[in-house]
>>> print(open('input13.tsv').read())   # TSV, N, CA, C and O atoms
chain	number	residue	atom	x	y	z
A	3	MET	N	39.19	172.55	-79.75
A	3	MET	CA	37.85	172.12	-79.39
A	3	MET	C	37.60	172.48	-77.94
A	3	MET	O	38.45	172.31	-77.10
A	4	GLY	N	36.39	172.97	-77.66
A	4	GLY	CA	36.01	173.32	-76.31
A	4	GLY	C	35.62	172.09	-75.50
A	4	GLY	O	35.75	170.96	-75.95
A	5	ASN	N	35.15	172.33	-74.32
A	5	ASN	CA	34.73	171.24	-73.44
A	5	ASN	C	33.46	170.58	-73.95
A	5	ASN	O	32.56	171.24	-74.44
A	6	ILE	N	33.39	169.29	-73.77
A	6	ILE	CA	32.18	168.52	-74.08
A	6	ILE	C	31.26	168.61	-72.87
A	6	ILE	O	31.70	168.42	-71.74
A	7	GLU	N	30.01	168.91	-73.11
A	7	GLU	CA	29.03	168.94	-72.02
A	7	GLU	C	27.97	167.89	-72.29
A	7	GLU	O	27.48	167.76	-73.41
A	8	LEU	N	27.62	167.15	-71.27
A	8	LEU	CA	26.63	166.08	-71.39
A	8	LEU	C	25.24	166.60	-71.08
A	8	LEU	O	25.07	167.50	-70.25
A	9	GLU	N	24.26	166.03	-71.76
A	9	GLU	CA	22.84	166.30	-71.50
A	9	GLU	C	22.44	167.75	-71.76
A	9	GLU	O	21.46	168.24	-71.21
A	10	LYS	N	23.23	168.47	-72.58
A	10	LYS	CA	22.89	169.84	-72.96
A	10	LYS	C	22.87	169.92	-74.48
A	10	LYS	O	23.58	169.18	-75.15
A	11	GLN	N	22.08	170.83	-74.99
A	11	GLN	CA	22.08	171.07	-76.43
A	11	GLN	C	23.10	172.14	-76.75
A	11	GLN	O	23.30	173.08	-75.98
A	12	GLY	N	23.73	171.98	-77.89
A	12	GLY	CA	24.69	172.97	-78.34
A	12	GLY	C	24.61	173.14	-79.85
A	12	GLY	O	24.18	172.24	-80.57
A	13	ARG	N	25.02	174.30	-80.32
A	13	ARG	CA	25.07	174.57	-81.75
A	13	ARG	C	26.51	174.42	-82.21
A	13	ARG	O	27.43	174.98	-81.59
A	14	ILE	N	26.71	173.67	-83.28
A	14	ILE	CA	28.05	173.46	-83.83
A	14	ILE	C	28.39	174.68	-84.68
A	14	ILE	O	27.77	174.92	-85.71
A	15	LEU	N	29.36	175.46	-84.22
A	15	LEU	CA	29.74	176.70	-84.89
A	15	LEU	C	30.71	176.47	-86.04
A	15	LEU	O	30.75	177.24	-86.99
A	16	SER	N	31.52	175.42	-85.93
A	16	SER	CA	32.46	175.09	-87.00
A	16	SER	C	32.82	173.62	-86.92
A	16	SER	O	32.66	172.98	-85.89
A	17	GLY	N	33.28	173.09	-88.05
A	17	GLY	CA	33.63	171.69	-88.13
A	17	GLY	C	32.56	170.90	-88.86
A	17	GLY	O	31.64	171.47	-89.47
A	18	PHE	N	32.68	169.59	-88.81
A	18	PHE	CA	31.71	168.70	-89.44
A	18	PHE	C	30.32	168.92	-88.82
A	18	PHE	O	30.22	169.04	-87.61
A	19	TYR	N	29.31	169.01	-89.64
A	19	TYR	CA	27.93	169.31	-89.21
A	19	TYR	C	27.77	170.75	-88.74
A	19	TYR	O	26.91	171.06	-87.91
A	20	GLU	N	28.58	171.67	-89.27
A	20	GLU	CA	28.47	173.08	-88.92
A	20	GLU	C	27.03	173.57	-89.11
A	20	GLU	O	26.39	173.27	-90.12
A	21	GLY	N	26.51	174.28	-88.12
A	21	GLY	CA	25.14	174.79	-88.16
A	21	GLY	C	24.12	173.85	-87.54
A	21	GLY	O	22.99	174.25	-87.26
A	22	TYR	N	24.50	172.61	-87.30
A	22	TYR	CA	23.60	171.64	-86.67
A	22	TYR	C	23.63	171.80	-85.15
A	22	TYR	O	24.49	172.47	-84.60
A	23	PHE	N	22.68	171.16	-84.52
A	23	PHE	CA	22.63	171.12	-83.06
A	23	PHE	C	23.03	169.73	-82.60
A	23	PHE	O	22.72	168.73	-83.25
A	24	VAL	N	23.71	169.67	-81.47
A	24	VAL	CA	24.19	168.40	-80.94
A	24	VAL	C	23.76	168.26	-79.49
A	24	VAL	O	23.64	169.24	-78.76
A	25	LYS	N	23.51	167.02	-79.10
A	25	LYS	CA	23.26	166.69	-77.70
A	25	LYS	C	23.98	165.38	-77.43
A	25	LYS	O	23.85	164.42	-78.21
A	26	ILE	N	24.74	165.34	-76.35
A	26	ILE	CA	25.49	164.14	-76.00
A	26	ILE	C	24.87	163.55	-74.73
A	26	ILE	O	24.79	164.22	-73.70
A	27	HIS	N	24.44	162.32	-74.87
A	27	HIS	CA	23.73	161.63	-73.78
A	27	HIS	C	24.63	160.56	-73.17
A	27	HIS	O	25.17	159.72	-73.88
A	28	ASP	N	24.77	160.59	-71.84
A	28	ASP	CA	25.50	159.55	-71.12
A	28	ASP	C	24.60	158.33	-71.03
A	28	ASP	O	23.62	158.31	-70.30
A	29	ASP	N	24.92	157.31	-71.81
A	29	ASP	CA	24.11	156.10	-71.88
A	29	ASP	C	24.80	154.94	-71.17
A	29	ASP	O	24.56	153.77	-71.48
A	30	SER	N	25.66	155.26	-70.22
A	30	SER	CA	26.48	154.23	-69.57
A	30	SER	C	25.64	153.21	-68.81
A	30	SER	O	26.05	152.05	-68.69
A	31	ASP	N	24.47	153.59	-68.33
A	31	ASP	CA	23.63	152.63	-67.61
A	31	ASP	C	23.05	151.56	-68.53
A	31	ASP	O	22.78	150.44	-68.09
A	32	VAL	N	22.87	151.89	-69.81
A	32	VAL	CA	22.25	150.95	-70.76
A	32	VAL	C	23.29	150.30	-71.66
A	32	VAL	O	23.38	149.08	-71.74
A	33	THR	N	24.08	151.12	-72.35
A	33	THR	CA	25.04	150.57	-73.34
A	33	THR	C	26.48	150.66	-72.88
A	33	THR	O	27.36	150.11	-73.54
A	34	GLY	N	26.73	151.43	-71.84
A	34	GLY	CA	28.09	151.62	-71.37
A	34	GLY	C	28.82	152.76	-72.05
A	34	GLY	O	29.95	153.04	-71.72
A	35	GLY	N	28.16	153.43	-73.01
A	35	GLY	CA	28.84	154.47	-73.78
A	35	GLY	C	28.07	155.77	-73.80
A	35	GLY	O	27.31	156.09	-72.88
A	36	TYR	N	28.28	156.50	-74.89
A	36	TYR	CA	27.67	157.82	-75.06
A	36	TYR	C	26.98	157.89	-76.41
A	36	TYR	O	27.53	157.45	-77.42
A	37	CYS	N	25.78	158.47	-76.45
A	37	CYS	CA	25.05	158.69	-77.70
A	37	CYS	C	25.22	160.15	-78.09
A	37	CYS	O	25.12	161.04	-77.25
A	38	ILE	N	25.48	160.37	-79.37
A	38	ILE	CA	25.65	161.72	-79.92
A	38	ILE	C	24.50	161.94	-80.90
A	38	ILE	O	24.41	161.24	-81.91
A	39	TYR	N	23.62	162.87	-80.59
A	39	TYR	CA	22.46	163.14	-81.44
A	39	TYR	C	22.66	164.46	-82.17
A	39	TYR	O	23.07	165.46	-81.57
A	40	LEU	N	22.36	164.48	-83.46
A	40	LEU	CA	22.52	165.67	-84.30
A	40	LEU	C	21.23	165.97	-85.04
A	40	LEU	O	20.60	165.05	-85.57
A	41	VAL	N	20.82	167.24	-85.07
A	41	VAL	CA	19.67	167.67	-85.85
A	41	VAL	C	19.99	169.03	-86.47
A	41	VAL	O	20.78	169.80	-85.93
A	42	ASN	N	19.35	169.31	-87.60
A	42	ASN	CA	19.59	170.59	-88.27
A	42	ASN	C	18.75	171.73	-87.72
A	42	ASN	O	19.05	172.89	-87.96
A	43	ASP	N	17.70	171.42	-86.98
A	43	ASP	CA	16.83	172.45	-86.41
A	43	ASP	C	16.18	171.89	-85.16
A	43	ASP	O	15.71	170.75	-85.16
A	44	LEU	N	16.14	172.67	-84.09
A	44	LEU	CA	15.55	172.18	-82.84
A	44	LEU	C	14.03	172.13	-82.89
A	44	LEU	O	13.41	171.21	-82.36
A	45	ALA	N	13.41	173.12	-83.53
A	45	ALA	CA	11.94	173.20	-83.55
A	45	ALA	C	11.31	172.24	-84.54
A	45	ALA	O	10.29	171.62	-84.25
A	46	ALA	N	11.91	172.13	-85.73
A	46	ALA	CA	11.33	171.28	-86.78
A	46	ALA	C	12.46	170.62	-87.58
A	46	ALA	O	12.75	171.02	-88.71
A	47	PRO	N	13.11	169.61	-86.99
A	47	PRO	CA	14.24	168.99	-87.69
A	47	PRO	C	13.81	168.25	-88.95
A	47	PRO	O	12.77	167.59	-88.97
A	48	THR	N	14.62	168.41	-90.00
A	48	THR	CA	14.38	167.68	-91.24
A	48	THR	C	15.57	166.81	-91.63
A	48	THR	O	15.50	166.06	-92.59
A	49	ASP	N	16.65	166.93	-90.87
A	49	ASP	CA	17.84	166.13	-91.13
A	49	ASP	C	18.56	165.93	-89.82
A	49	ASP	O	18.47	166.75	-88.91
A	50	GLY	N	19.30	164.85	-89.72
A	50	GLY	CA	20.05	164.58	-88.51
A	50	GLY	C	20.60	163.18	-88.52
A	50	GLY	O	20.57	162.48	-89.53
A	51	GLY	N	21.10	162.79	-87.39
A	51	GLY	CA	21.67	161.46	-87.27
A	51	GLY	C	22.12	161.23	-85.85
A	51	GLY	O	21.94	162.07	-84.96
A	52	ASP	N	22.70	160.07	-85.64
A	52	ASP	CA	23.22	159.77	-84.32
A	52	ASP	C	24.44	158.87	-84.43
A	52	ASP	O	24.64	158.19	-85.43
A	53	TYR	N	25.26	158.92	-83.40
A	53	TYR	CA	26.46	158.11	-83.30
A	53	TYR	C	26.52	157.56	-81.89
A	53	TYR	O	25.90	158.09	-80.97
A	54	TRP	N	27.31	156.51	-81.72
A	54	TRP	CA	27.54	155.94	-80.40
A	54	TRP	C	29.03	155.73	-80.25
A	54	TRP	O	29.70	155.27	-81.19
A	55	VAL	N	29.58	156.09	-79.10
A	55	VAL	CA	30.98	155.83	-78.80
A	55	VAL	C	31.05	155.07	-77.48
A	55	VAL	O	30.18	155.20	-76.62
A	56	GLU	N	32.10	154.29	-77.34
A	56	GLU	CA	32.21	153.35	-76.23
A	56	GLU	C	32.56	154.00	-74.89
A	56	GLU	O	32.15	153.52	-73.83
A	57	ASN	N	33.34	155.09	-74.91
A	57	ASN	CA	33.78	155.67	-73.65
A	57	ASN	C	34.13	157.15	-73.84
A	57	ASN	O	34.07	157.68	-74.94
A	58	LEU	N	34.53	157.80	-72.76
A	58	LEU	CA	34.82	159.22	-72.78
A	58	LEU	C	36.02	159.54	-73.67
A	58	LEU	O	36.04	160.56	-74.35
A	59	THR	N	37.01	158.67	-73.69
A	59	THR	CA	38.17	158.86	-74.55
A	59	THR	C	37.75	158.89	-76.02
A	59	THR	O	38.17	159.76	-76.79
A	60	GLU	N	36.89	157.95	-76.41
A	60	GLU	CA	36.39	157.91	-77.79
A	60	GLU	C	35.50	159.12	-78.09
A	60	GLU	O	35.52	159.63	-79.21
A	61	LEU	N	34.74	159.57	-77.12
A	61	LEU	CA	33.90	160.76	-77.30
A	61	LEU	C	34.77	161.98	-77.60
A	61	LEU	O	34.50	162.73	-78.54
A	62	ASN	N	35.80	162.18	-76.82
A	62	ASN	CA	36.70	163.30	-77.05
A	62	ASN	C	37.40	163.18	-78.39
A	62	ASN	O	37.55	164.17	-79.11
A	63	SER	N	37.80	161.99	-78.76
A	63	SER	CA	38.45	161.76	-80.05
A	63	SER	C	37.49	162.06	-81.20
A	63	SER	O	37.87	162.67	-82.20
A	64	PHE	N	36.24	161.64	-81.06
A	64	PHE	CA	35.21	161.90	-82.07
A	64	PHE	C	35.03	163.40	-82.26
A	64	PHE	O	35.00	163.90	-83.39
A	65	ALA	N	34.90	164.14	-81.17
A	65	ALA	CA	34.70	165.58	-81.24
A	65	ALA	C	35.93	166.28	-81.82
A	65	ALA	O	35.80	167.20	-82.64
A	66	GLU	N	37.11	165.84	-81.45
A	66	GLU	CA	38.34	166.44	-81.98
A	66	GLU	C	38.47	166.18	-83.48
A	66	GLU	O	38.81	167.08	-84.24
A	67	SER	N	38.20	164.95	-83.91
A	67	SER	CA	38.32	164.64	-85.34
A	67	SER	C	37.24	165.34	-86.16
A	67	SER	O	37.44	165.60	-87.35
A	68	SER	N	36.13	165.69	-85.53
A	68	SER	CA	35.07	166.45	-86.21
A	68	SER	C	35.39	167.95	-86.23
A	68	SER	O	34.69	168.71	-86.88
A	69	ARG	N	36.43	168.34	-85.50
A	69	ARG	CA	36.89	169.74	-85.41
A	69	ARG	C	35.77	170.67	-84.95
A	69	ARG	O	35.58	171.76	-85.47
A	70	TRP	N	35.04	170.19	-83.96
A	70	TRP	CA	33.89	170.94	-83.47
A	70	TRP	C	34.29	172.11	-82.60
A	70	TRP	O	35.12	171.99	-81.71
A	71	GLU	N	33.63	173.23	-82.84
A	71	GLU	CA	33.56	174.33	-81.90
A	71	GLU	C	32.07	174.44	-81.59
A	71	GLU	O	31.26	174.65	-82.50
A	72	ILE	N	31.71	174.24	-80.33
A	72	ILE	CA	30.30	174.16	-79.94
A	72	ILE	C	29.95	175.27	-78.97
A	72	ILE	O	30.69	175.53	-78.01
A	73	GLU	N	28.83	175.93	-79.24
A	73	GLU	CA	28.28	176.90	-78.31
A	73	GLU	C	27.16	176.19	-77.55
A	73	GLU	O	26.14	175.83	-78.14
A	74	TRP	N	27.36	175.95	-76.26
A	74	TRP	CA	26.37	175.23	-75.47
A	74	TRP	C	25.24	176.15	-75.08
A	74	TRP	O	25.46	177.28	-74.69
A	75	ILE	N	24.03	175.66	-75.18
A	75	ILE	CA	22.82	176.44	-74.92
A	75	ILE	C	22.38	176.18	-73.48
A	75	ILE	O	22.21	175.03	-73.08
A	76	GLU	N	22.15	177.25	-72.75
A	76	GLU	CA	21.72	177.12	-71.35
A	76	GLU	C	20.28	176.71	-71.25
A	76	GLU	O	19.43	177.00	-71.98
>>> encode(input="input13.tsv", output="structure tokens")
Amino acid sequence: MGNIELEKQGRILSGFYEGYFVKIHDDSDVTGGYCIYLVNDLAAPTDGGDYWVENLTELNSFAESSRWEIEWIE
């Protein structure tokens, strides 16, 4: 798994949710954790979901268990 980048959109190239887009938001000021947002299309999403993890260790574990390879979009 590559590096996790916060506040950027990325396309999941392989793993769970392959082909979806992901954005990881640092929500530490409000909830103390991280929000993971997933959508199938950036322009007109018709499917998606979200997850919340408590800390950076859990975020990395979540991404590793999802076997994500992510291409981050500039």
>>> atom_distance(input="input13.tsv", atom1="atom N of Tyr22 (chain A)", atom2="atom C of Ser63 (chain A)")
17.8 Å
>>> select_by_dssp(input="input13.tsv", residues="chain A", states="alpha helix (DSSP H)", output="list of chain:residue names")
A:Leu58, A:Thr59, A:Glu60, A:Leu61, A:Asn62, A:Ser63, A:Phe64, A:Ala65, A:Glu66, A:Ser67
>>> closest_residue(input="input13.tsv", among="A:Val41, A:Val55, A:Ala46, A:Ile75", to="His27 (chain A)", atoms="only N, CA, C and O atoms")
A:Val55
>>> atom_distance(input="input13.tsv", atom1="CA of Arg13 (chain A)", atom2="atom N of Ile26 (chain A)")
10.7 Å
>>> atom_distance(input="input13.tsv", atom1="atom N of Tyr19 (chain A)", atom2="atom C of Thr33 (chain A)")
25.0 Å
>>> residues_around(input="input13.tsv", residues="Asp28 (chain A)", least_positions_apart="3", cutoff="9 Å", atoms="only C-alpha atoms", output="PyMOL selection string")
chain A and resi 8-9+31+34-37
>>> residues_near_point(input="input13.tsv", point="(29.3, 156.6, -83.6)", cutoff="9 Å", atoms="only C-alpha atoms", output="list of chain:residue names")
A:Tyr36, A:Cys37, A:Ile38, A:Asp52, A:Tyr53, A:Trp54, A:Val55, A:Glu56, A:Leu61, A:Phe64
>>> closest_residue(input="input13.tsv", among="A:Asn57, A:Ser67, A:Asn42, A:Thr48", to="Phe18 (chain A)", atoms="only N, CA, C and O atoms")
A:Ser67
>>> residues_around(input="input13.tsv", residues="region 68-74 of chain A", least_positions_apart="6", cutoff="7 Å", atoms="only N, CA, C and O atoms", output="list of chain:residue names")
A:Met3, A:Gly4, A:Asn5, A:Lys10, A:Gln11, A:Gly12, A:Arg13, A:Ile14, A:Leu15, A:Ser16, A:Gly17, A:Phe18, A:Tyr19, A:Asn62
>>> select_by_dssp(input="input13.tsv", residues="chain A", states="strand (DSSP E)", output="ChimeraX atom specification")
/A:11-16,23-29,35-41,50-55,71-74
>>> axis_aligned_box(input="input13.tsv", around="region 12-18 of chain A", padding_each_side="4 Å", output="lines of an AutoDock Vina configuration file")
center_x = 28.7
center_y = 173.0
center_z = -83.7
size_x = 17.9
size_y = 16.5
size_z = 19.6
>>> decode(input="input13.tsv", residues="region 5-49 of chain A", atoms="N, CA and C atoms", output="mmCIF file, in the first residue's frame")
data_model
loop_
_atom_site.group_PDB
_atom_site.id
_atom_site.type_symbol
_atom_site.label_atom_id
_atom_site.label_comp_id
_atom_site.auth_asym_id
_atom_site.auth_seq_id
_atom_site.Cartn_x
_atom_site.Cartn_y
_atom_site.Cartn_z
ATOM 1 N N ASN A 5 1.441 5.560 0.285
ATOM 2 C CA ASN A 5 1.207 6.530 1.353
ATOM 3 C C ASN A 5 -0.226 7.037 1.334
ATOM 4 N N ILE A 6 -0.752 7.262 2.513
ATOM 5 C CA ILE A 6 -2.071 7.871 2.674
ATOM 6 C C ILE A 6 -1.886 9.379 2.608
ATOM 7 N N GLU A 7 -2.712 10.033 1.827
ATOM 8 C CA GLU A 7 -2.666 11.493 1.750
ATOM 9 C C GLU A 7 -3.998 12.042 2.233
ATOM 10 N N LEU A 8 -3.940 13.057 3.059
ATOM 11 C CA LEU A 8 -5.137 13.669 3.618
ATOM 12 C C LEU A 8 -5.613 14.817 2.745
ATOM 13 N N GLU A 9 -6.923 14.999 2.714
ATOM 14 C CA GLU A 9 -7.560 16.133 2.034
ATOM 15 C C GLU A 9 -7.316 16.155 0.525
ATOM 16 N N LYS A 10 -6.982 14.997 -0.062
ATOM 17 C CA LYS A 10 -6.809 14.889 -1.508
ATOM 18 C C LYS A 10 -7.712 13.781 -2.020
ATOM 19 N N GLN A 11 -8.125 13.898 -3.258
ATOM 20 C CA GLN A 11 -8.897 12.826 -3.873
ATOM 21 C C GLN A 11 -7.940 11.861 -4.557
ATOM 22 N N GLY A 12 -8.304 10.601 -4.506
ATOM 23 C CA GLY A 12 -7.504 9.589 -5.168
ATOM 24 C C GLY A 12 -8.399 8.524 -5.775
ATOM 25 N N ARG A 13 -7.892 7.858 -6.791
ATOM 26 C CA ARG A 13 -8.616 6.754 -7.423
ATOM 27 C C ARG A 13 -8.029 5.452 -6.902
ATOM 28 N N ILE A 14 -8.898 4.554 -6.464
ATOM 29 C CA ILE A 14 -8.457 3.261 -5.958
ATOM 30 C C ILE A 14 -8.207 2.356 -7.160
ATOM 31 N N LEU A 15 -6.935 2.010 -7.377
ATOM 32 C CA LEU A 15 -6.538 1.218 -8.535
ATOM 33 C C LEU A 15 -6.714 -0.277 -8.303
ATOM 34 N N SER A 16 -6.598 -0.703 -7.047
ATOM 35 C CA SER A 16 -6.792 -2.117 -6.727
ATOM 36 C C SER A 16 -7.182 -2.241 -5.264
ATOM 37 N N GLY A 17 -7.805 -3.368 -4.947
ATOM 38 C CA GLY A 17 -8.273 -3.614 -3.594
ATOM 39 C C GLY A 17 -9.769 -3.404 -3.484
ATOM 40 N N PHE A 18 -10.263 -3.404 -2.259
ATOM 41 C CA PHE A 18 -11.678 -3.185 -1.991
ATOM 42 C C PHE A 18 -12.095 -1.802 -2.510
ATOM 43 N N TYR A 19 -13.215 -1.725 -3.184
ATOM 44 C CA TYR A 19 -13.712 -0.497 -3.828
ATOM 45 C C TYR A 19 -12.866 -0.095 -5.032
ATOM 46 N N GLU A 20 -12.250 -1.065 -5.705
ATOM 47 C CA GLU A 20 -11.463 -0.778 -6.903
ATOM 48 C C GLU A 20 -12.297 0.031 -7.909
ATOM 49 N N GLY A 21 -11.703 1.092 -8.444
ATOM 50 C CA GLY A 21 -12.381 1.961 -9.401
ATOM 51 C C GLY A 21 -13.091 3.139 -8.756
ATOM 52 N N TYR A 22 -13.261 3.105 -7.446
ATOM 53 C CA TYR A 22 -13.906 4.215 -6.729
ATOM 54 C C TYR A 22 -12.882 5.306 -6.438
ATOM 55 N N PHE A 23 -13.402 6.437 -6.029
ATOM 56 C CA PHE A 23 -12.566 7.551 -5.600
ATOM 57 C C PHE A 23 -12.654 7.669 -4.086
ATOM 58 N N VAL A 24 -11.558 8.055 -3.470
ATOM 59 C CA VAL A 24 -11.494 8.163 -2.020
ATOM 60 C C VAL A 24 -10.948 9.534 -1.635
ATOM 61 N N LYS A 25 -11.439 10.037 -0.518
ATOM 62 C CA LYS A 25 -10.892 11.251 0.085
ATOM 63 C C LYS A 25 -10.861 11.008 1.587
ATOM 64 N N ILE A 26 -9.728 11.306 2.196
ATOM 65 C CA ILE A 26 -9.576 11.103 3.634
ATOM 66 C C ILE A 26 -9.468 12.472 4.293
ATOM 67 N N HIS A 27 -10.395 12.708 5.199
ATOM 68 C CA HIS A 27 -10.499 14.013 5.865
ATOM 69 C C HIS A 27 -10.037 13.897 7.311
ATOM 70 N N ASP A 28 -9.113 14.781 7.712
ATOM 71 C CA ASP A 28 -8.674 14.861 9.106
ATOM 72 C C ASP A 28 -9.764 15.580 9.889
ATOM 73 N N ASP A 29 -10.489 14.826 10.690
ATOM 74 C CA ASP A 29 -11.609 15.366 11.458
ATOM 75 C C ASP A 29 -11.259 15.458 12.940
ATOM 76 N N SER A 30 -9.969 15.574 13.233
ATOM 77 C CA SER A 30 -9.515 15.543 14.619
ATOM 78 C C SER A 30 -10.054 16.704 15.451
ATOM 79 N N ASP A 31 -10.347 17.832 14.831
ATOM 80 C CA ASP A 31 -10.892 18.965 15.584
ATOM 81 C C ASP A 31 -12.317 18.705 16.070
ATOM 82 N N VAL A 32 -13.070 17.875 15.346
ATOM 83 C CA VAL A 32 -14.474 17.626 15.696
ATOM 84 C C VAL A 32 -14.649 16.280 16.391
ATOM 85 N N THR A 33 -14.182 15.204 15.747
ATOM 86 C CA THR A 33 -14.414 13.855 16.297
ATOM 87 C C THR A 33 -13.158 13.216 16.862
ATOM 88 N N GLY A 34 -12.009 13.799 16.563
ATOM 89 C CA GLY A 34 -10.756 13.225 17.012
ATOM 90 C C GLY A 34 -10.182 12.188 16.067
ATOM 91 N N GLY A 35 -10.887 11.895 14.971
ATOM 92 C CA GLY A 35 -10.446 10.839 14.067
ATOM 93 C C GLY A 35 -10.361 11.293 12.627
ATOM 94 N N TYR A 36 -10.560 10.320 11.742
ATOM 95 C CA TYR A 36 -10.461 10.553 10.300
ATOM 96 C C TYR A 36 -11.703 10.014 9.611
ATOM 97 N N CYS A 37 -12.236 10.772 8.653
ATOM 98 C CA CYS A 37 -13.375 10.337 7.842
ATOM 99 C C CYS A 37 -12.842 9.877 6.496
ATOM 100 N N ILE A 38 -13.356 8.748 6.029
ATOM 101 C CA ILE A 38 -12.968 8.183 4.741
ATOM 102 C C ILE A 38 -14.212 8.219 3.855
ATOM 103 N N TYR A 39 -14.168 9.005 2.799
ATOM 104 C CA TYR A 39 -15.312 9.150 1.898
ATOM 105 C C TYR A 39 -15.032 8.421 0.590
ATOM 106 N N LEU A 40 -16.006 7.669 0.100
ATOM 107 C CA LEU A 40 -15.872 6.897 -1.132
ATOM 108 C C LEU A 40 -17.026 7.209 -2.071
ATOM 109 N N VAL A 41 -16.727 7.417 -3.355
ATOM 110 C CA VAL A 41 -17.758 7.594 -4.379
ATOM 111 C C VAL A 41 -17.308 6.874 -5.649
ATOM 112 N N ASN A 42 -18.287 6.462 -6.448
ATOM 113 C CA ASN A 42 -17.957 5.755 -7.682
ATOM 114 C C ASN A 42 -17.647 6.688 -8.850
ATOM 115 N N ASP A 43 -18.015 7.955 -8.740
ATOM 116 C CA ASP A 43 -17.770 8.922 -9.805
ATOM 117 C C ASP A 43 -17.680 10.306 -9.182
ATOM 118 N N LEU A 44 -16.692 11.095 -9.591
ATOM 119 C CA LEU A 44 -16.542 12.436 -9.013
ATOM 120 C C LEU A 44 -17.579 13.421 -9.529
ATOM 121 N N ALA A 45 -17.921 13.331 -10.811
ATOM 122 C CA ALA A 45 -18.844 14.295 -11.410
ATOM 123 C C ALA A 45 -20.298 14.019 -11.070
ATOM 124 N N ALA A 46 -20.689 12.745 -11.086
ATOM 125 C CA ALA A 46 -22.087 12.382 -10.834
ATOM 126 C C ALA A 46 -22.146 11.056 -10.072
ATOM 127 N N PRO A 47 -21.819 11.090 -8.775
ATOM 128 C CA PRO A 47 -21.797 9.835 -8.016
ATOM 129 C C PRO A 47 -23.187 9.219 -7.864
ATOM 130 N N THR A 48 -23.231 7.895 -8.014
ATOM 131 C CA THR A 48 -24.477 7.164 -7.806
ATOM 132 C C THR A 48 -24.335 6.114 -6.713
ATOM 133 N N ASP A 49 -23.116 5.943 -6.216
ATOM 134 C CA ASP A 49 -22.869 4.976 -5.154
ATOM 135 C C ASP A 49 -21.687 5.468 -4.344
#
